[in-house]
Each structure stands twice: as C-alpha cells, then as structure tokens.
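Beneath this line is the structure, given in structure tokens, with notes to follow.
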Amino acid sequence: MAKLDLDGLFASIDGMDADAFVGFLTDDATFRYGSQNPVEGKAAVREYVQTFFGMIDSLSHEVFEVMEGENSMCCYGNTTYVRPDGSKVTIPFANVFRLQGDKVKDYLVHIDPSPLLG
C-alpha cells in the first residue's frame with residue numbers, strides 16, 4: 001500500500017515552503033485548488049503555490065480524519081488563513097490524493113475559497 005507522509009506534507013504547506021511542498025509530488029503531478037483549473041508538472045505547481053502563499057500572511061491545517069486506500073488517501077479538516085490585514089478565516093477542506101509510491105500524482109483540494117477573498 002502506498003504511504004504518504006501527510007504530517008510532513010501539511011508542515012510544508014503551513015510553513016509556506018513551496019520547494020518542500022513539491023518534494024511530495026511526482027514530476028508529472030496534477031494539482032487543483034477548489035474550482036481553479038488544474039496545474040500540471042512540478043515546476044508549474046511550485047509557481048502556483050508560491051504565488052498563493054504570497055497572497056496570505058500564514059495558514060494552518062487541522063486534520064480531523066484520514067482515509068487510506070490502495071493507492072489513494074483522503075482527508076478532511078479546517079484550514080485557517082491569516083490575511084495580510086491580520087484578519088483570520090477558517091474554511092473546511094477535503095483533500096484527495098492519488099499516489100505513486102510515497103509521492104502524490106494527483107492532488108485535489110476541495111474547498112470554497114470565497115470566504116478568504118471576501
């Protein structure tokens with residue numbers, strides 16, 4: 001069974017470290033955040049998340065449950081974002097990961113980011 005270091009993955013995101021984040025992905029990974037168009041390839045994903053990190057001051061994840069399959073993993077919880085003005089918003093999320101070994105091939109973030117933008 002494929003095994004992803006989920007704690008390490010979320011630590012890279014919460015640390016806003018795009019280089020560490022893409023280390024969890026396959027070279028040809030696909031990443032989709034909310035209803036945005038998917039981003040393909042490690043370099044493009046790195047650029048996408050680095051741009052996103054530049055729009056916020058910080059973020060943190062609280063994972064409530066993890067479900068594992070043969071080559072997949074799902075989790076859900078809350079993400080708390082701190083905006084540049086210091087205000088905070090907490091939004092529920094669900095992530096679906098399709099795995100190749102211990103790397104993420106497809107990373108789907110199911111979230112409604114509109115409260116973050118509002």
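A note on labels: chains of the structure tokens are A, B, ... as shown, every chain counts residues from 1, and ligands are counted from 1 in their shown order.
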- Message: Excluding Ile91 of chain A and its own-chain neighbours fewer than 2 positions away, which residues fall within 9 Å of it when counting only C-alpha atoms? Please give them as a list in words.
- Response: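 Returned residues: Gly77, Asn78, Thr79, Thr80, Tyr81, Val89, Phe93, Ile111, Asp112, Pro113, Pro115 and Leu116 of chain A.
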Do you know which residues are at most 7 Å from Met73 of chain A counting only C-alpha atoms, after dropping those on the same chain fewer than 3 positions away, and could you put them as a PDB file with C-alpha atoms, in the first residue's frame?
```
ATOM      1  CA  MET A  67      -8.902   7.576   4.975  1.00  0.00           C
ATOM      2  CA  GLU A  68      -6.469   5.373   3.068  1.00  0.00           C
ATOM      3  CA  GLY A  69      -6.900   3.173   0.017  1.00  0.00           C
ATOM      4  CA  VAL A  96      -7.997  13.649  -2.334  1.00  0.00           C
ATOM      5  CA  PHE A  97      -4.560  12.251  -3.159  1.00  0.00           C
ATOM      6  CA  ARG A  98      -3.824   9.688  -5.870  1.00  0.00           C
TER       7      ARG A  98
END
```
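Every protein, DNA or RNA residue with an atom at most 12 Å from Tyr48 of chain A, where only C-alpha atoms count and chain neighbours fewer than 4 positions away do not, is listed here: Ala18, Asp19, Phe21, Val22, Thr30, Phe31, Arg32, Tyr33, Gln36, Asn37, Pro38, Val39, Glu40, Gly41, Lys42, Ala43, Ala44, Phe52, Phe53, Gly54 and Met55 of chain A.
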- Message: Let me make sure I understand: among A:Glu70, A:Asp27, A:Asp14, A:Asp5, which one has the smallest atom-to-atom distance to Val49 of chain A if we use only C-alpha atoms?
- Response: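 Among A:Glu70, A:Asp27, A:Asp14, A:Asp5, it is A:Asp14 that comes nearest to Val49 of chain A.
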- Task: One decimal, Å: what's the distance from atom CA of Gln100 of chain A over to atom CA of Leu59 of chain A, could you say?
- Result: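 Rounded to one decimal, the two atoms are 27.1 Å apart.
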- Would you please extract all strand (DSSP E or B) residues from chain A, as assigned by DSSP on the backbone, and give them as JSON, numbers by chain? {"A": [25, 26, 27, 28, 29, 30, 31, 32, 33, 39, 40, 58, 59, 60, 61, 62, 63, 64, 65, 66, 67, 68, 72, 73, 74, 75, 76, 77, 78, 79, 80, 81, 82, 88, 89, 90, 91, 92, 93, 94, 95, 96, 97, 98, 99, 100, 103, 104, 105, 106, 107, 108, 109, 110, 111]}
Write to file, as a CSV table (one decimal), in the first residue's frame, the residues of the selection just made, with C-alpha atoms.
```csv
chain,number,residue,atom,x,y,z
A,25,LEU,CA,4.8,15.3,-5.7
A,26,THR,CA,5.7,13.2,-8.7
A,27,ASP,CA,7.4,15.1,-11.6
A,28,ASP,CA,4.2,15.0,-13.6
A,29,ALA,CA,1.8,15.7,-10.7
A,30,THR,CA,-1.5,17.5,-11.2
A,31,PHE,CA,-2.7,19.9,-8.6
A,32,ARG,CA,-6.2,21.5,-8.4
A,33,TYR,CA,-7.3,24.0,-5.7
A,39,VAL,CA,-1.9,22.8,-12.8
A,40,GLU,CA,0.3,20.1,-14.3
A,58,SER,CA,0.1,32.4,7.0
A,59,LEU,CA,-2.1,29.3,7.2
A,60,SER,CA,-2.5,26.3,9.3
A,61,HIS,CA,-4.4,23.0,8.9
A,62,GLU,CA,-6.3,20.9,11.4
A,63,VAL,CA,-7.0,17.4,10.0
A,64,PHE,CA,-10.0,15.6,11.5
A,65,GLU,CA,-9.8,12.3,9.7
A,66,VAL,CA,-7.7,10.4,7.2
A,67,MET,CA,-8.9,7.6,5.0
A,68,GLU,CA,-6.5,5.4,3.1
A,72,SER,CA,-5.0,6.8,-2.6
A,73,MET,CA,-5.6,8.9,0.6
A,74,CYS,CA,-8.3,11.3,1.6
A,75,CYS,CA,-8.5,13.7,4.5
A,76,TYR,CA,-10.7,16.5,5.7
A,77,GLY,CA,-10.5,19.3,8.3
A,78,ASN,CA,-10.2,23.0,8.6
A,79,THR,CA,-7.7,25.5,7.2
A,80,THR,CA,-7.2,28.8,9.0
A,81,TYR,CA,-5.8,31.6,6.8
A,82,VAL,CA,-4.4,34.8,8.1
A,88,LYS,CA,-8.4,35.3,10.1
A,89,VAL,CA,-10.8,33.0,8.3
A,90,THR,CA,-11.3,29.3,8.8
A,91,ILE,CA,-12.6,27.2,5.9
A,92,PRO,CA,-13.4,23.4,5.8
A,93,PHE,CA,-11.5,21.4,3.2
A,94,ALA,CA,-11.3,17.9,1.9
A,95,ASN,CA,-8.2,16.6,0.0
A,96,VAL,CA,-8.0,13.6,-2.3
A,97,PHE,CA,-4.6,12.3,-3.2
A,98,ARG,CA,-3.8,9.7,-5.9
A,99,LEU,CA,-0.4,8.2,-5.1
A,100,GLN,CA,2.5,6.6,-6.8
A,103,LYS,CA,4.5,10.6,-3.8
A,104,VAL,CA,1.4,12.5,-4.9
A,105,LYS,CA,0.4,12.0,-8.5
A,106,ASP,CA,-2.9,13.9,-8.3
A,107,TYR,CA,-3.7,16.4,-5.5
A,108,LEU,CA,-7.3,17.6,-5.4
A,109,VAL,CA,-8.2,20.3,-2.9
A,110,HIS,CA,-12.0,20.5,-2.4
A,111,ILE,CA,-12.6,23.9,-0.8
```
- Task: Taking the DSSP assignment computed from this structure's backbone, write out as a list in words all residues of segment 43-112 of chain A that belong to helix (DSSP H, G or I).
- Result: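 The residues of segment 43-112 of chain A classed as helix (DSSP H, G or I) are Ala43, Ala44, Val45, Arg46, Glu47, Tyr48, Val49, Gln50, Thr51, Phe52 and Phe53 of chain A.
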- Å distance separating atom CA of Gly8 of chain A from atom CA of Gly23 of chain A, one decimal place: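 Distance between the two atoms: 10.2 Å.
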- Query: Suppose you want the space between atom CA of Arg46 of chain A and atom CA of Gly15 of chain A; what is it in Å?
  - Reply: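 Interatomic distance here is 14.0 Å.
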- Would you mind telling me which residue in A:Asn71, A:Gln50, A:Gly101, A:Ile56 lies nearest to Gly86 of chain A when using only C-alpha atoms?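 Closest to Gly86 of chain A of all the choices is A:Ile56.
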